[in-house]
$ cat target.txt   # compact mmCIF, C-alpha atoms
# COMPACT_ATOMS: atom_id res chain seq x y z
CA MET A 51 54.46 28.06 14.04
CA ARG A 52 55.83 24.64 13.11
CA SER A 53 54.77 23.32 16.50
CA PHE A 54 51.23 24.65 15.94
CA ILE A 55 50.97 23.03 12.51
CA LYS A 56 52.36 19.78 13.89
CA ASN A 57 49.72 19.80 16.65
CA ILE A 58 46.95 20.44 14.12
CA ILE A 59 48.16 17.54 11.97
CA LEU A 60 48.30 15.26 15.02
CA LEU A 61 44.81 16.34 16.02
CA MET A 62 43.39 15.70 12.55
CA ALA A 63 45.17 12.33 12.39
CA SER A 64 43.75 11.38 15.79
CA ILE A 65 40.22 12.35 14.71
CA PHE A 66 40.63 10.37 11.50
CA PHE A 67 41.97 7.37 13.42
CA VAL A 68 39.06 7.46 15.89
CA LEU A 69 36.57 7.83 13.03
CA VAL A 70 38.02 4.84 11.16
CA LEU A 71 38.12 2.81 14.36
CA THR A 72 34.47 3.55 15.20
CA ILE A 73 33.42 2.67 11.64
CA ILE A 74 35.24 -0.66 11.93
CA LEU A 75 33.65 -1.31 15.34
CA ASP A 76 30.22 -0.48 13.91
CA ARG A 77 30.70 -3.08 11.15
CA ILE A 78 32.07 -5.73 13.52
CA LEU A 79 29.45 -5.25 16.24
CA GLY A 80 26.71 -5.08 13.63
CA ASN A 81 27.53 -8.65 12.60
CA VAL A 82 27.90 -9.93 16.16
CA LEU A 83 25.28 -8.26 18.31
CA PRO A 84 21.65 -9.45 17.98
CA LYS A 85 19.35 -7.02 16.22
CA PRO A 86 16.80 -5.41 18.55
CA PHE A 87 13.29 -6.30 17.41
CA PRO A 88 10.09 -5.29 19.21
CA GLU A 89 8.47 -8.35 20.78
CA GLY A 90 4.84 -9.25 21.43
CA THR A 91 1.73 -8.33 19.46
CA HIS A 92 1.29 -4.97 17.72
CA ASP A 93 -1.59 -3.32 15.90
CA LEU A 94 0.39 -1.90 12.99
CA ILE A 95 -2.72 -1.78 10.79
CA PHE A 96 -5.44 -4.00 12.31
CA PRO A 97 -6.06 -5.65 15.69
CA PRO A 98 -3.48 -8.46 16.02
CA LEU A 99 -4.48 -12.14 15.88
CA SER A 100 -8.03 -11.26 14.82
CA ARG A 101 -10.40 -13.25 12.63
CA GLN A 102 -13.23 -11.66 10.67
CA GLU A 103 -15.72 -12.94 8.14
CA PHE A 104 -17.25 -10.67 5.52
CA ALA A 105 -20.13 -11.24 3.11
CA SER A 106 -21.84 -9.14 0.45
CA VAL A 107 -24.03 -9.67 -2.58
CA ASP A 108 -20.81 -10.50 -4.46
CA PHE A 109 -18.62 -12.53 -2.11
CA LYS A 110 -17.87 -14.16 1.23
CA TYR A 111 -14.34 -14.38 2.61
CA VAL A 112 -12.28 -14.61 5.80
CA VAL A 113 -9.57 -12.25 7.10
CA GLU A 114 -6.99 -13.28 9.69
CA THR A 115 -4.23 -11.05 11.03
CA ASN A 116 -0.87 -12.01 12.50
CA SER A 117 0.81 -10.79 15.69
CA LEU A 118 1.85 -7.56 13.95
CA GLY A 119 -1.73 -6.71 13.05
CA ILE A 120 -1.38 -7.20 9.30
CA ARG A 121 -3.34 -9.53 7.02
CA GLU A 122 -0.55 -12.08 6.66
CA ARG A 123 1.18 -15.18 7.91
CA GLU A 124 3.62 -14.68 10.76
CA VAL A 125 6.68 -12.88 9.44
CA GLN A 126 10.12 -14.02 10.55
CA ARG A 127 12.13 -11.36 12.41
CA PRO A 128 14.96 -10.88 11.75
CA LYS A 129 14.67 -11.90 8.13
CA ASN A 130 16.21 -15.16 6.96
CA ALA A 131 19.38 -14.42 4.98
CA LYS A 132 18.18 -16.80 2.25
CA SER A 133 14.91 -14.89 1.73
CA TYR A 134 14.19 -12.11 -0.73
CA ARG A 135 11.39 -10.19 0.95
CA ILE A 136 8.90 -8.14 -1.06
CA ILE A 137 6.40 -5.99 0.83
CA ALA A 138 3.44 -4.33 -0.84
CA VAL A 139 1.70 -1.22 0.46
CA GLY A 140 -1.63 -0.16 -0.97
CA ASP A 141 -5.36 0.05 -0.41
CA SER A 142 -8.13 -2.56 -0.57
CA TYR A 143 -7.02 -3.71 -4.05
CA THR A 144 -3.68 -4.76 -2.56
CA TYR A 145 -5.21 -6.01 0.69
CA GLY A 146 -7.58 -8.18 -1.35
CA TRP A 147 -11.08 -7.03 -0.44
CA GLY A 148 -13.54 -9.78 -1.25
CA VAL A 149 -11.00 -12.59 -1.73
CA ASN A 150 -8.99 -14.87 0.55
CA ILE A 151 -5.33 -14.01 1.07
CA GLU A 152 -4.10 -16.89 -1.12
CA GLU A 153 -6.05 -15.40 -4.03
CA THR A 154 -4.54 -11.91 -3.87
CA TRP A 155 -2.27 -10.72 -6.66
CA LEU A 156 0.66 -10.39 -4.26
CA ARG A 157 0.48 -13.95 -2.95
CA ARG A 158 0.04 -15.28 -6.51
CA LEU A 159 3.06 -13.23 -7.54
CA GLU A 160 5.12 -14.94 -4.86
CA GLN A 161 4.59 -18.26 -6.63
CA LYS A 162 5.62 -16.87 -10.03
CA LEU A 163 8.86 -15.03 -9.20
CA SER A 164 12.24 -16.66 -8.68
CA LEU A 165 15.70 -15.38 -7.81
CA GLY A 166 18.31 -18.13 -7.85
CA SER A 167 18.91 -19.61 -4.42
CA LYS A 168 16.85 -16.90 -2.74
CA HIS A 169 13.37 -17.74 -1.47
CA ILE A 170 10.80 -15.16 -2.61
CA GLU A 171 8.63 -14.05 0.30
CA THR A 172 5.81 -11.50 0.11
CA VAL A 173 4.20 -9.48 2.90
CA ASN A 174 0.83 -7.77 2.36
CA LEU A 175 0.49 -4.33 3.96
CA GLY A 176 -2.68 -3.29 2.18
CA LYS A 177 -5.36 -1.38 4.07
CA PRO A 178 -8.92 -0.72 2.80
CA GLY A 179 -9.64 2.96 2.38
CA ALA A 180 -5.97 3.97 2.62
CA GLY A 181 -4.15 6.41 0.36
CA PRO A 182 -0.63 7.73 -0.32
CA PRO A 183 -0.17 9.44 3.09
CA PHE A 184 -0.77 6.07 4.77
CA TYR A 185 1.62 4.35 2.36
CA VAL A 186 4.32 6.74 3.61
CA GLU A 187 3.41 6.20 7.26
CA ILE A 188 3.40 2.39 7.11
CA THR A 189 6.64 2.36 5.10
CA ARG A 190 8.40 4.42 7.76
CA THR A 191 7.29 1.93 10.40
CA ILE A 192 7.59 -1.37 8.61
CA VAL A 193 10.85 -1.03 6.65
CA PRO A 194 13.22 -1.05 9.66
CA LEU A 195 11.08 -3.77 11.26
CA LEU A 196 10.77 -6.22 8.35
CA GLU A 197 13.93 -5.43 6.33
CA PRO A 198 12.39 -5.76 2.85
CA ASP A 199 14.51 -6.08 -0.25
CA TRP A 200 11.81 -4.61 -2.46
CA ILE A 201 8.79 -2.39 -1.82
CA LEU A 202 5.90 -2.50 -4.27
CA VAL A 203 3.52 0.45 -4.01
CA GLY A 204 0.10 -0.47 -5.37
CA ILE A 205 -1.40 2.75 -6.76
CA LEU A 206 -5.06 2.37 -7.72
CA GLN A 207 -6.02 4.15 -10.92
CA GLY A 208 -8.00 7.33 -10.35
CA ASN A 209 -8.69 6.96 -6.64
CA ASP A 210 -5.14 7.16 -5.28
CA ILE A 211 -4.25 10.23 -7.30
CA ALA A 212 -7.45 11.93 -6.11
CA SER A 213 -6.71 11.01 -2.48
CA SER A 214 -3.02 11.92 -2.46
CA GLY A 215 -3.48 14.76 0.02
CA SER A 216 -0.34 16.43 1.36
CA GLU A 217 -0.94 15.56 5.02
CA GLY A 218 1.91 13.57 6.50
CA LEU A 219 4.12 14.20 3.46
CA GLU A 220 6.70 16.51 5.03
CA GLN A 221 10.10 16.34 3.41
CA VAL A 222 12.51 13.62 4.50
CA ARG A 223 15.46 14.45 6.71
CA THR A 224 18.74 14.89 4.86
CA GLY A 225 22.29 16.08 5.43
CA LEU A 226 23.88 15.08 8.72
CA ILE A 227 21.40 12.26 9.41
CA HIS A 228 22.06 10.61 6.04
CA GLY A 229 25.81 11.03 6.53
CA THR A 230 25.65 9.41 9.96
CA ARG A 231 23.58 6.54 8.57
CA TYR A 232 26.13 5.98 5.81
CA LEU A 233 29.11 5.90 8.19
CA PHE A 234 27.48 4.02 11.07
CA PRO A 235 24.60 1.98 9.61
CA ASN A 236 24.44 -0.55 12.46
CA PHE A 237 24.45 2.11 15.17
CA VAL A 238 21.74 4.11 13.41
CA ARG A 239 19.72 0.95 12.85
CA THR A 240 19.89 0.10 16.56
CA VAL A 241 18.69 3.59 17.47
CA GLU A 242 15.87 3.34 14.88
CA MET A 243 14.73 -0.02 16.26
CA MET A 244 14.79 1.28 19.85
CA ARG A 245 12.68 4.23 18.77
CA LEU A 246 10.28 1.93 16.90
CA ALA A 247 10.00 -0.45 19.87
CA TYR A 248 9.14 2.48 22.13
CA SER A 249 6.59 3.82 19.64
CA LEU A 250 4.91 0.42 19.24
CA GLU A 251 4.83 -0.14 22.99
CA LYS A 252 3.02 3.17 23.50
CA ARG A 253 0.32 2.54 20.92
CA THR A 254 -0.26 -1.21 21.43
CA GLN A 255 -2.81 -2.36 23.99
CA GLU A 256 -3.12 -5.91 25.19
CA ARG A 257 -6.61 -7.20 24.48
CA PRO A 258 -8.26 -10.49 23.52
CA PRO A 259 -8.12 -11.30 19.78
CA GLU A 260 -11.16 -10.01 17.90
CA LYS A 261 -13.51 -12.55 16.35
CA THR A 262 -16.46 -11.45 14.23
CA THR A 263 -18.80 -13.31 11.90
CA ALA A 264 -20.19 -12.29 8.54
CA GLU A 265 -23.51 -11.65 10.30
CA ASP A 266 -21.82 -9.31 12.81
CA ASN A 267 -20.24 -7.27 10.03
CA ALA A 268 -23.46 -7.22 8.00
CA ARG A 269 -25.33 -5.81 11.00
CA TRP A 270 -22.67 -3.13 11.41
CA SER A 271 -22.91 -2.23 7.70
CA ALA A 272 -26.71 -2.15 7.88
CA ASN A 273 -26.60 0.21 10.87
CA THR A 274 -24.10 2.43 9.07
CA ALA A 275 -26.31 2.42 5.95
CA LYS A 276 -29.30 3.44 8.04
CA GLU A 277 -27.34 6.34 9.57
CA PHE A 278 -26.19 7.48 6.13
CA TYR A 279 -29.73 7.34 4.79
CA GLU A 280 -31.10 9.40 7.66
CA LYS A 281 -28.48 12.09 7.01
CA MET A 282 -29.07 12.25 3.25
CA SER A 283 -30.34 15.52 1.83
CA ALA A 284 -33.62 15.52 -0.08
CA ASP A 285 -31.69 15.60 -3.36
CA GLU A 286 -29.48 12.68 -2.30
CA LYS A 287 -32.49 10.62 -1.25
CA GLN A 288 -34.10 11.25 -4.62
CA LYS A 289 -30.97 10.04 -6.39
CA PHE A 290 -30.80 7.01 -4.09
CA HIS A 291 -34.41 6.02 -4.78
CA ASN A 292 -33.62 6.01 -8.51
CA PHE A 293 -31.19 3.13 -7.95
CA ASP A 294 -32.43 -0.33 -8.92
CA GLU A 295 -33.98 -2.53 -6.24
CA GLU A 296 -31.02 -4.92 -5.95
CA VAL A 297 -28.70 -2.05 -5.01
CA LYS A 298 -31.09 -0.51 -2.48
CA GLN A 299 -31.87 -3.86 -0.88
CA ALA A 300 -28.19 -4.76 -0.55
CA PHE A 301 -27.45 -1.35 0.95
CA PHE A 302 -30.07 -1.63 3.70
CA ASN A 303 -29.23 -5.29 4.40
CA GLY A 304 -25.58 -4.52 5.03
CA LEU A 305 -24.46 -6.46 1.95
CA LEU A 306 -23.01 -3.51 0.03
CA ASN A 307 -20.35 -1.08 1.19
CA PRO A 308 -22.33 1.91 2.55
CA TYR A 309 -19.35 4.22 2.13
CA MET A 310 -19.31 3.57 -1.61
CA ILE A 311 -22.96 4.63 -1.90
CA ASP A 312 -22.32 7.69 0.26
CA LEU A 313 -19.37 8.68 -1.96
CA ALA A 314 -21.44 8.23 -5.13
CA LEU A 315 -24.17 10.49 -3.81
CA LYS A 316 -21.73 13.19 -2.70
CA ASN A 317 -19.22 13.01 -5.56
CA LYS A 318 -20.58 11.07 -8.52
CA HIS A 319 -17.82 12.44 -10.81
CA ILE A 320 -14.98 10.83 -8.87
CA TYR A 321 -14.11 8.42 -11.72
CA THR A 322 -13.88 11.13 -14.36
CA LEU A 323 -11.85 13.65 -12.34
CA THR A 324 -8.45 12.18 -13.19
CA LEU A 325 -8.99 11.95 -16.95
CA ASN A 326 -7.34 15.34 -17.56
CA PRO A 327 -3.68 15.37 -16.44
CA GLU A 328 -3.48 19.09 -17.30
CA ASP A 329 -6.18 20.09 -14.80
CA PRO A 330 -4.62 22.29 -12.05
CA TRP A 331 -6.11 20.17 -9.27
CA ILE A 332 -4.78 16.97 -10.84
CA GLN A 333 -1.40 18.66 -11.25
CA GLN A 334 -1.35 19.30 -7.50
CA CYS A 335 -2.39 15.71 -6.84
CA ILE A 336 0.53 14.54 -8.98
CA VAL A 337 2.86 16.75 -6.92
CA ASN A 338 1.54 15.17 -3.72
CA MET A 339 1.91 11.66 -5.15
CA THR A 340 5.46 12.48 -6.26
CA LYS A 341 6.35 13.64 -2.76
CA ALA A 342 4.91 10.46 -1.23
CA LEU A 343 6.95 8.28 -3.57
CA GLN A 344 10.10 10.30 -2.92
CA ILE A 345 9.74 9.76 0.82
CA ILE A 346 9.10 6.04 0.38
CA LYS A 347 12.15 5.80 -1.88
CA SER A 348 14.30 7.68 0.63
CA VAL A 349 13.22 5.44 3.53
CA ALA A 350 13.82 2.35 1.41
CA SER A 351 17.30 3.45 0.35
CA GLN A 352 18.32 3.90 3.99
CA PHE A 353 17.80 0.15 4.43
CA ASN A 354 19.11 -0.93 1.01
CA ALA A 355 15.62 -1.69 -0.34
CA ARG A 356 14.31 -0.88 -3.81
CA VAL A 357 10.95 0.62 -4.75
CA ALA A 358 8.63 0.13 -7.71
CA VAL A 359 5.03 1.14 -8.38
CA VAL A 360 2.25 -1.05 -9.73
CA SER A 361 -0.59 0.83 -11.40
CA ILE A 362 -3.57 -1.25 -10.35
CA PRO A 363 -6.50 -1.26 -12.79
CA ASP A 364 -9.91 -0.09 -11.60
CA GLY A 365 -12.81 -1.69 -13.43
CA PRO A 366 -14.50 1.36 -15.05
CA TYR A 367 -11.23 2.22 -16.84
CA VAL A 368 -10.53 -1.21 -18.33
CA ASN A 369 -13.72 -3.31 -18.38
CA GLU A 370 -17.04 -2.60 -20.10
CA VAL A 371 -19.01 -4.73 -17.62
CA ALA A 372 -17.54 -2.86 -14.65
CA TRP A 373 -18.06 0.44 -16.50
CA ASN A 374 -21.79 -0.35 -16.78
CA ASN A 375 -22.12 -1.69 -13.23
CA ILE A 376 -20.53 1.33 -11.56
CA GLN A 377 -23.39 3.42 -12.92
CA ARG A 378 -25.83 1.23 -11.00
CA VAL A 379 -24.41 2.47 -7.70
CA GLY A 380 -24.58 6.15 -8.68
CA PHE A 381 -21.31 7.12 -10.35
CA ASP A 382 -20.98 9.05 -13.60
CA VAL A 383 -18.89 7.64 -16.45
CA VAL A 384 -17.85 8.71 -19.95
CA PRO A 385 -16.99 6.41 -22.89
CA GLU A 386 -13.37 7.60 -23.19
CA MET A 387 -12.60 6.12 -19.76
CA LEU A 388 -12.27 2.74 -21.44
CA THR A 389 -9.63 3.92 -23.95
CA SER A 390 -7.82 6.81 -22.26
CA ASP A 391 -4.22 6.40 -21.08
CA ALA A 392 -4.76 9.11 -18.42
CA PRO A 393 -5.48 6.71 -15.48
CA ASP A 394 -2.03 5.19 -15.95
CA ARG A 395 -0.35 8.32 -17.25
CA VAL A 396 -0.91 10.47 -14.15
CA ILE A 397 0.67 7.71 -12.05
CA GLN A 398 3.55 7.39 -14.50
CA ILE A 399 4.20 11.15 -14.35
CA ALA A 400 4.49 11.02 -10.55
CA CYS A 401 6.81 8.00 -10.82
CA GLU A 402 9.02 9.71 -13.40
CA LYS A 403 9.35 12.78 -11.18
CA ALA A 404 10.18 10.61 -8.16
CA GLY A 405 12.62 8.39 -10.07
CA VAL A 406 10.65 5.22 -9.38
CA PRO A 407 9.85 2.54 -12.02
CA CYS A 408 6.17 2.02 -12.80
CA PHE A 409 4.54 -1.17 -14.10
CA THR A 410 1.15 -1.06 -15.84
CA VAL A 411 -1.28 -3.83 -16.83
CA SER A 412 -4.23 -1.96 -18.37
CA GLU A 413 -3.71 -3.41 -21.83
CA ALA A 414 -4.05 -7.00 -20.58
CA PHE A 415 -7.31 -6.13 -18.84
CA ARG A 416 -8.68 -4.22 -21.83
CA GLN A 417 -8.07 -7.27 -23.99
CA ARG A 418 -10.70 -8.91 -21.79
CA LYS A 419 -12.92 -5.83 -21.54
CA GLN A 420 -16.14 -7.82 -21.88
CA ASP A 421 -15.20 -10.45 -19.30
CA PRO A 422 -17.71 -10.25 -16.39
CA HIS A 423 -15.50 -12.27 -14.02
CA LEU A 424 -12.63 -9.83 -13.38
CA PHE A 425 -14.45 -7.38 -11.08
CA PHE A 426 -17.25 -7.91 -8.58
CA LYS A 427 -20.60 -6.84 -10.01
CA LEU A 428 -21.70 -4.22 -7.48
CA ASP A 429 -18.75 -3.99 -5.09
CA GLY A 430 -16.34 -3.28 -7.97
CA HIS A 431 -13.15 -4.78 -6.50
CA LEU A 432 -10.98 -7.32 -8.27
CA THR A 433 -12.30 -10.88 -8.10
CA ALA A 434 -10.00 -13.86 -7.61
CA GLU A 435 -9.84 -14.09 -11.41
CA GLY A 436 -8.93 -10.39 -11.61
CA HIS A 437 -6.14 -10.86 -9.07
CA LYS A 438 -4.91 -13.82 -11.09
CA LEU A 439 -4.77 -11.81 -14.31
CA LEU A 440 -2.95 -8.98 -12.52
CA ALA A 441 -0.32 -11.38 -11.13
CA GLU A 442 0.12 -13.21 -14.45
CA THR A 443 0.63 -9.92 -16.30
CA LEU A 444 2.98 -8.45 -13.72
CA ALA A 445 5.12 -11.54 -13.13
CA PRO A 446 7.22 -11.50 -16.35
CA LYS A 447 7.76 -7.74 -16.06
CA LEU A 448 8.87 -7.91 -12.45
CA GLN A 449 10.93 -11.04 -13.06
CA GLN A 450 12.88 -9.27 -15.81
CA TRP A 451 13.44 -6.27 -13.56
CA LEU A 452 14.68 -8.54 -10.76
CA ILE A 453 17.20 -10.16 -13.07
CA GLU A 454 18.41 -6.90 -14.60
CA LYS A 455 18.94 -5.31 -11.21

$ encode --input "target.txt" --output "structure tokens"
Amino acid sequence: MRSFIKNIILLMASIFFVLVLTIILDRILGNVLPKPFPEGTHDLIFPPLSRQEFASVDFKYVVETNSLGIREREVQRPKNAKSYRIIAVGDSYTYGWGVNIEETWLRRLEQKLSLGSKHIETVNLGKPGAGPPFYVEITRTIVPLLEPDWILVGILQGNDIASSGSEGLEQVRTGLIHGTRYLFPNFVRTVEMMRLAYSLEKRTQERPPEKTTAEDNARWSANTAKEFYEKMSADEKQKFHNFDEEVKQAFFNGLLNPYMIDLALKNKHIYTLTLNPEDPWIQQCIVNMTKALQIIKSVASQFNARVAVVSIPDGPYVNEVAWNNIQRVGFDVVPEMLTSDAPDRVIQIACEKAGVPCFTVSEAFRQRKQDPHLFFKLDGHLTAEGHKLLAETLAPKLQQWLIEK
């Protein structure tokens, strides 16, 4: 019996010794071996190395993508040890629809934040038309690739809650995988990067960089508008013909987003839907948003990154001029939109449930509720001045959070 117990003790000691040795080797090799990063160009969001010009009745701007297919400068890989990297995921309000990249709230924020000897670096991962399921997808891909220190999730008031469908929001893996990652972070990271490199290689095709002019994109929008018009029901056409001439002319000339008009004709109540947090459908949307944020937080924690949410103001909720203009393109509004806390509150509820801090700026925008320069007249997105106000309001809040953490 004593011999058996002695053998068991020796076996357990051997296992413990091997475990400790492999952990030490993981730490040593992790600091010595080069990190495996996928090389070449990749279409993570858009075609890589492309250049596009866009024009509408409200703006004209240029979009250029880097070798990763994101609207950004080239991003150093692996990250410089002296950099504090902040990535932002979101929709067109994060991407900066209608403004040049230097005018976006994220790039302006980069100039306003400081962290001792660390260089603040921002990376814009916004995508027009995206929603919470995409925010999860791009986070899963980009976090191991770009090694961010902080992830900002730009949640657009109203729209992102309404579009927080459950697709792609399966629960994160737990248990053994998390334990392995904790004990052998460098080994797991190498496996993750090999998997990512293989995934990117499969979905990336070598092709010449895309170059389009504002005229090219206007023609495409005009053709899309024509197709939408031909498919309109009699009732939708009647509603469309009640729009003022400037709106109709811009629509047919490809100078106004045809998808916005199509949405207004099919769901004109979209801006008022999220004003009641107690509505069962909104409750389910909050559940979906919570799940998305939980997954993003889990992915971030695996790579020692932090997560925070920015509640991005949409014009009809914070600006009287935008509130009036959105009616010109077919949407319904109600007066309480301009005073209700619901557009921020539903986002805050999801953040509280997910254990993620949430920063709001509605009050600063409502203090300038009669300012016509914060949102584009017909398009509705933030102007350069709107992005500036967003960055100026956020900066002291985020700076304080950086210092406290």

$ closest_residue --input "target.txt" --among "A:Gly146, A:Pro446, A:Gly179, A:Pro385" --to "A:Tyr309" --atoms "all atoms listed in the file"
A:Gly179

$ closest_residue --input "target.txt" --among "A:Val186, A:Met387, A:Ala400, A:Leu118" --to "A:Glu370" --atoms "all atoms listed in the file"
A:Met387

$ closest_residue --input "target.txt" --among "A:Val349, A:Ile362, A:Leu323, A:Leu195" --to "A:Leu432" --atoms "only C-alpha atoms"
A:Ile362

$ closest_residue --input "target.txt" --among "A:Ala212, A:Ala358, A:Val149, A:Ala372" --to "A:Lys427" --atoms "all atoms listed in the file"
A:Ala372

$ closest_atom_pairs --input "target.txt" --of "stretch 333-452 of chain A" --to "stretch 207-211 of chain A" --cutoff "7 Å" --atoms "all atoms listed in the file" --output "JSON lines"
{"residue": "A:Cys335", "atom": "CA", "partner": "A:Ile211", "partner_atom": "CA", "distance": 5.8}
{"residue": "A:Ile336", "atom": "CA", "partner": "A:Ile211", "partner_atom": "CA", "distance": 6.7}
{"residue": "A:Met339", "atom": "CA", "partner": "A:Ile211", "partner_atom": "CA", "distance": 6.7}
{"residue": "A:Ser361", "atom": "CA", "partner": "A:Gln207", "partner_atom": "CA", "distance": 6.4}
{"residue": "A:Ile362", "atom": "CA", "partner": "A:Gln207", "partner_atom": "CA", "distance": 6.0}
{"residue": "A:Pro363", "atom": "CA", "partner": "A:Gln207", "partner_atom": "CA", "distance": 5.7}
{"residue": "A:Asp364", "atom": "CA", "partner": "A:Gln207", "partner_atom": "CA", "distance": 5.8}
{"residue": "A:Pro393", "atom": "CA", "partner": "A:Gln207", "partner_atom": "CA", "distance": 5.3}
{"residue": "A:Asp394", "atom": "CA", "partner": "A:Gln207", "partner_atom": "CA", "distance": 6.5}

$ atom_distance --input "target.txt" --atom1 "atom CA of A:Ile453" --atom2 "atom CA of A:Arg356"
13.4 Å

$ residues_near_point --input "target.txt" --point "(2.0, 12.9, -6.5)" --cutoff "12 Å" --atoms "only C-alpha atoms" --output "MDAnalysis selection string"
chainID A and resid 181:183 205 210:216 219 327 331:345 395:404 406

$ closest_residue --input "target.txt" --among "A:Gln102, A:Thr322, A:Gly380, A:Phe415" --to "A:Glu442" --atoms "only C-alpha atoms"
A:Phe415

$ residues_near_point --input "target.txt" --point "(-4.8, -15.5, -8.5)" --cutoff "12 Å" --atoms "all atoms listed in the file" --output "mmCIF file with C-alpha atoms, in the frame of the given file"
data_model
loop_
_atom_site.group_PDB
_atom_site.id
_atom_site.type_symbol
_atom_site.label_atom_id
_atom_site.label_comp_id
_atom_site.auth_asym_id
_atom_site.auth_seq_id
_atom_site.Cartn_x
_atom_site.Cartn_y
_atom_site.Cartn_z
ATOM 1 C CA GLY A 146 -7.580 -8.180 -1.350
ATOM 2 C CA VAL A 149 -11.000 -12.590 -1.730
ATOM 3 C CA ASN A 150 -8.990 -14.870 0.550
ATOM 4 C CA ILE A 151 -5.330 -14.010 1.070
ATOM 5 C CA GLU A 152 -4.100 -16.890 -1.120
ATOM 6 C CA GLU A 153 -6.050 -15.400 -4.030
ATOM 7 C CA THR A 154 -4.540 -11.910 -3.870
ATOM 8 C CA TRP A 155 -2.270 -10.720 -6.660
ATOM 9 C CA LEU A 156 0.660 -10.390 -4.260
ATOM 10 C CA ARG A 157 0.480 -13.950 -2.950
ATOM 11 C CA ARG A 158 0.040 -15.280 -6.510
ATOM 12 C CA LEU A 159 3.060 -13.230 -7.540
ATOM 13 C CA GLU A 160 5.120 -14.940 -4.860
ATOM 14 C CA GLN A 161 4.590 -18.260 -6.630
ATOM 15 C CA LYS A 162 5.620 -16.870 -10.030
ATOM 16 C CA LEU A 424 -12.630 -9.830 -13.380
ATOM 17 C CA LEU A 432 -10.980 -7.320 -8.270
ATOM 18 C CA THR A 433 -12.300 -10.880 -8.100
ATOM 19 C CA ALA A 434 -10.000 -13.860 -7.610
ATOM 20 C CA GLU A 435 -9.840 -14.090 -11.410
ATOM 21 C CA GLY A 436 -8.930 -10.390 -11.610
ATOM 22 C CA HIS A 437 -6.140 -10.860 -9.070
ATOM 23 C CA LYS A 438 -4.910 -13.820 -11.090
ATOM 24 C CA LEU A 439 -4.770 -11.810 -14.310
ATOM 25 C CA LEU A 440 -2.950 -8.980 -12.520
ATOM 26 C CA ALA A 441 -0.320 -11.380 -11.130
ATOM 27 C CA GLU A 442 0.120 -13.210 -14.450
ATOM 28 C CA THR A 443 0.630 -9.920 -16.300
ATOM 29 C CA LEU A 444 2.980 -8.450 -13.720
ATOM 30 C CA ALA A 445 5.120 -11.540 -13.130
#

$ atom_distance --input "target.txt" --atom1 "atom CA of A:Lys261" --atom2 "atom CA of A:Thr191"
26.0 Å

$ atom_distance --input "target.txt" --atom1 "atom CA of A:Trp200" --atom2 "atom CA of A:Leu99"
25.7 Å

$ closest_residue --input "target.txt" --among "A:Ala284, A:Ala180, A:Val125, A:Ala300" --to "A:Ala272" --atoms "all atoms listed in the file"
A:Ala300

$ axis_aligned_box --input "target.txt" --around "stretch 123-135 of chain A" --padding-each-side "6 Å" --output "JSON"
{"center_x": 10.3, "center_y": -13.5, "center_z": 5.8, "size_x": 30.2, "size_y": 18.6, "size_z": 25.1}

$ residues_around --input "target.txt" --residues "A:Asn273" --least-positions-apart "4" --cutoff "10 Å" --atoms "only C-alpha atoms" --output "PyMOL selection string"
chain A and resi 267-269+277-279+302-304+308

$ write_last_selection --input "target.txt" --atoms "C-alpha atoms" --output "short mmCIF file (atom, residue, chain, number, x, y, z; two decimals), keeping the file's coordinate frame"
data_model
loop_
_atom_site.label_atom_id
_atom_site.label_comp_id
_atom_site.auth_asym_id
_atom_site.auth_seq_id
_atom_site.Cartn_x
_atom_site.Cartn_y
_atom_site.Cartn_z
CA ASN A 267 -20.24 -7.27 10.03
CA ALA A 268 -23.46 -7.22 8.00
CA ARG A 269 -25.33 -5.81 11.00
CA GLU A 277 -27.34 6.34 9.57
CA PHE A 278 -26.19 7.48 6.13
CA TYR A 279 -29.73 7.34 4.79
CA PHE A 302 -30.07 -1.63 3.70
CA ASN A 303 -29.23 -5.29 4.40
CA GLY A 304 -25.58 -4.52 5.03
CA PRO A 308 -22.33 1.91 2.55
#
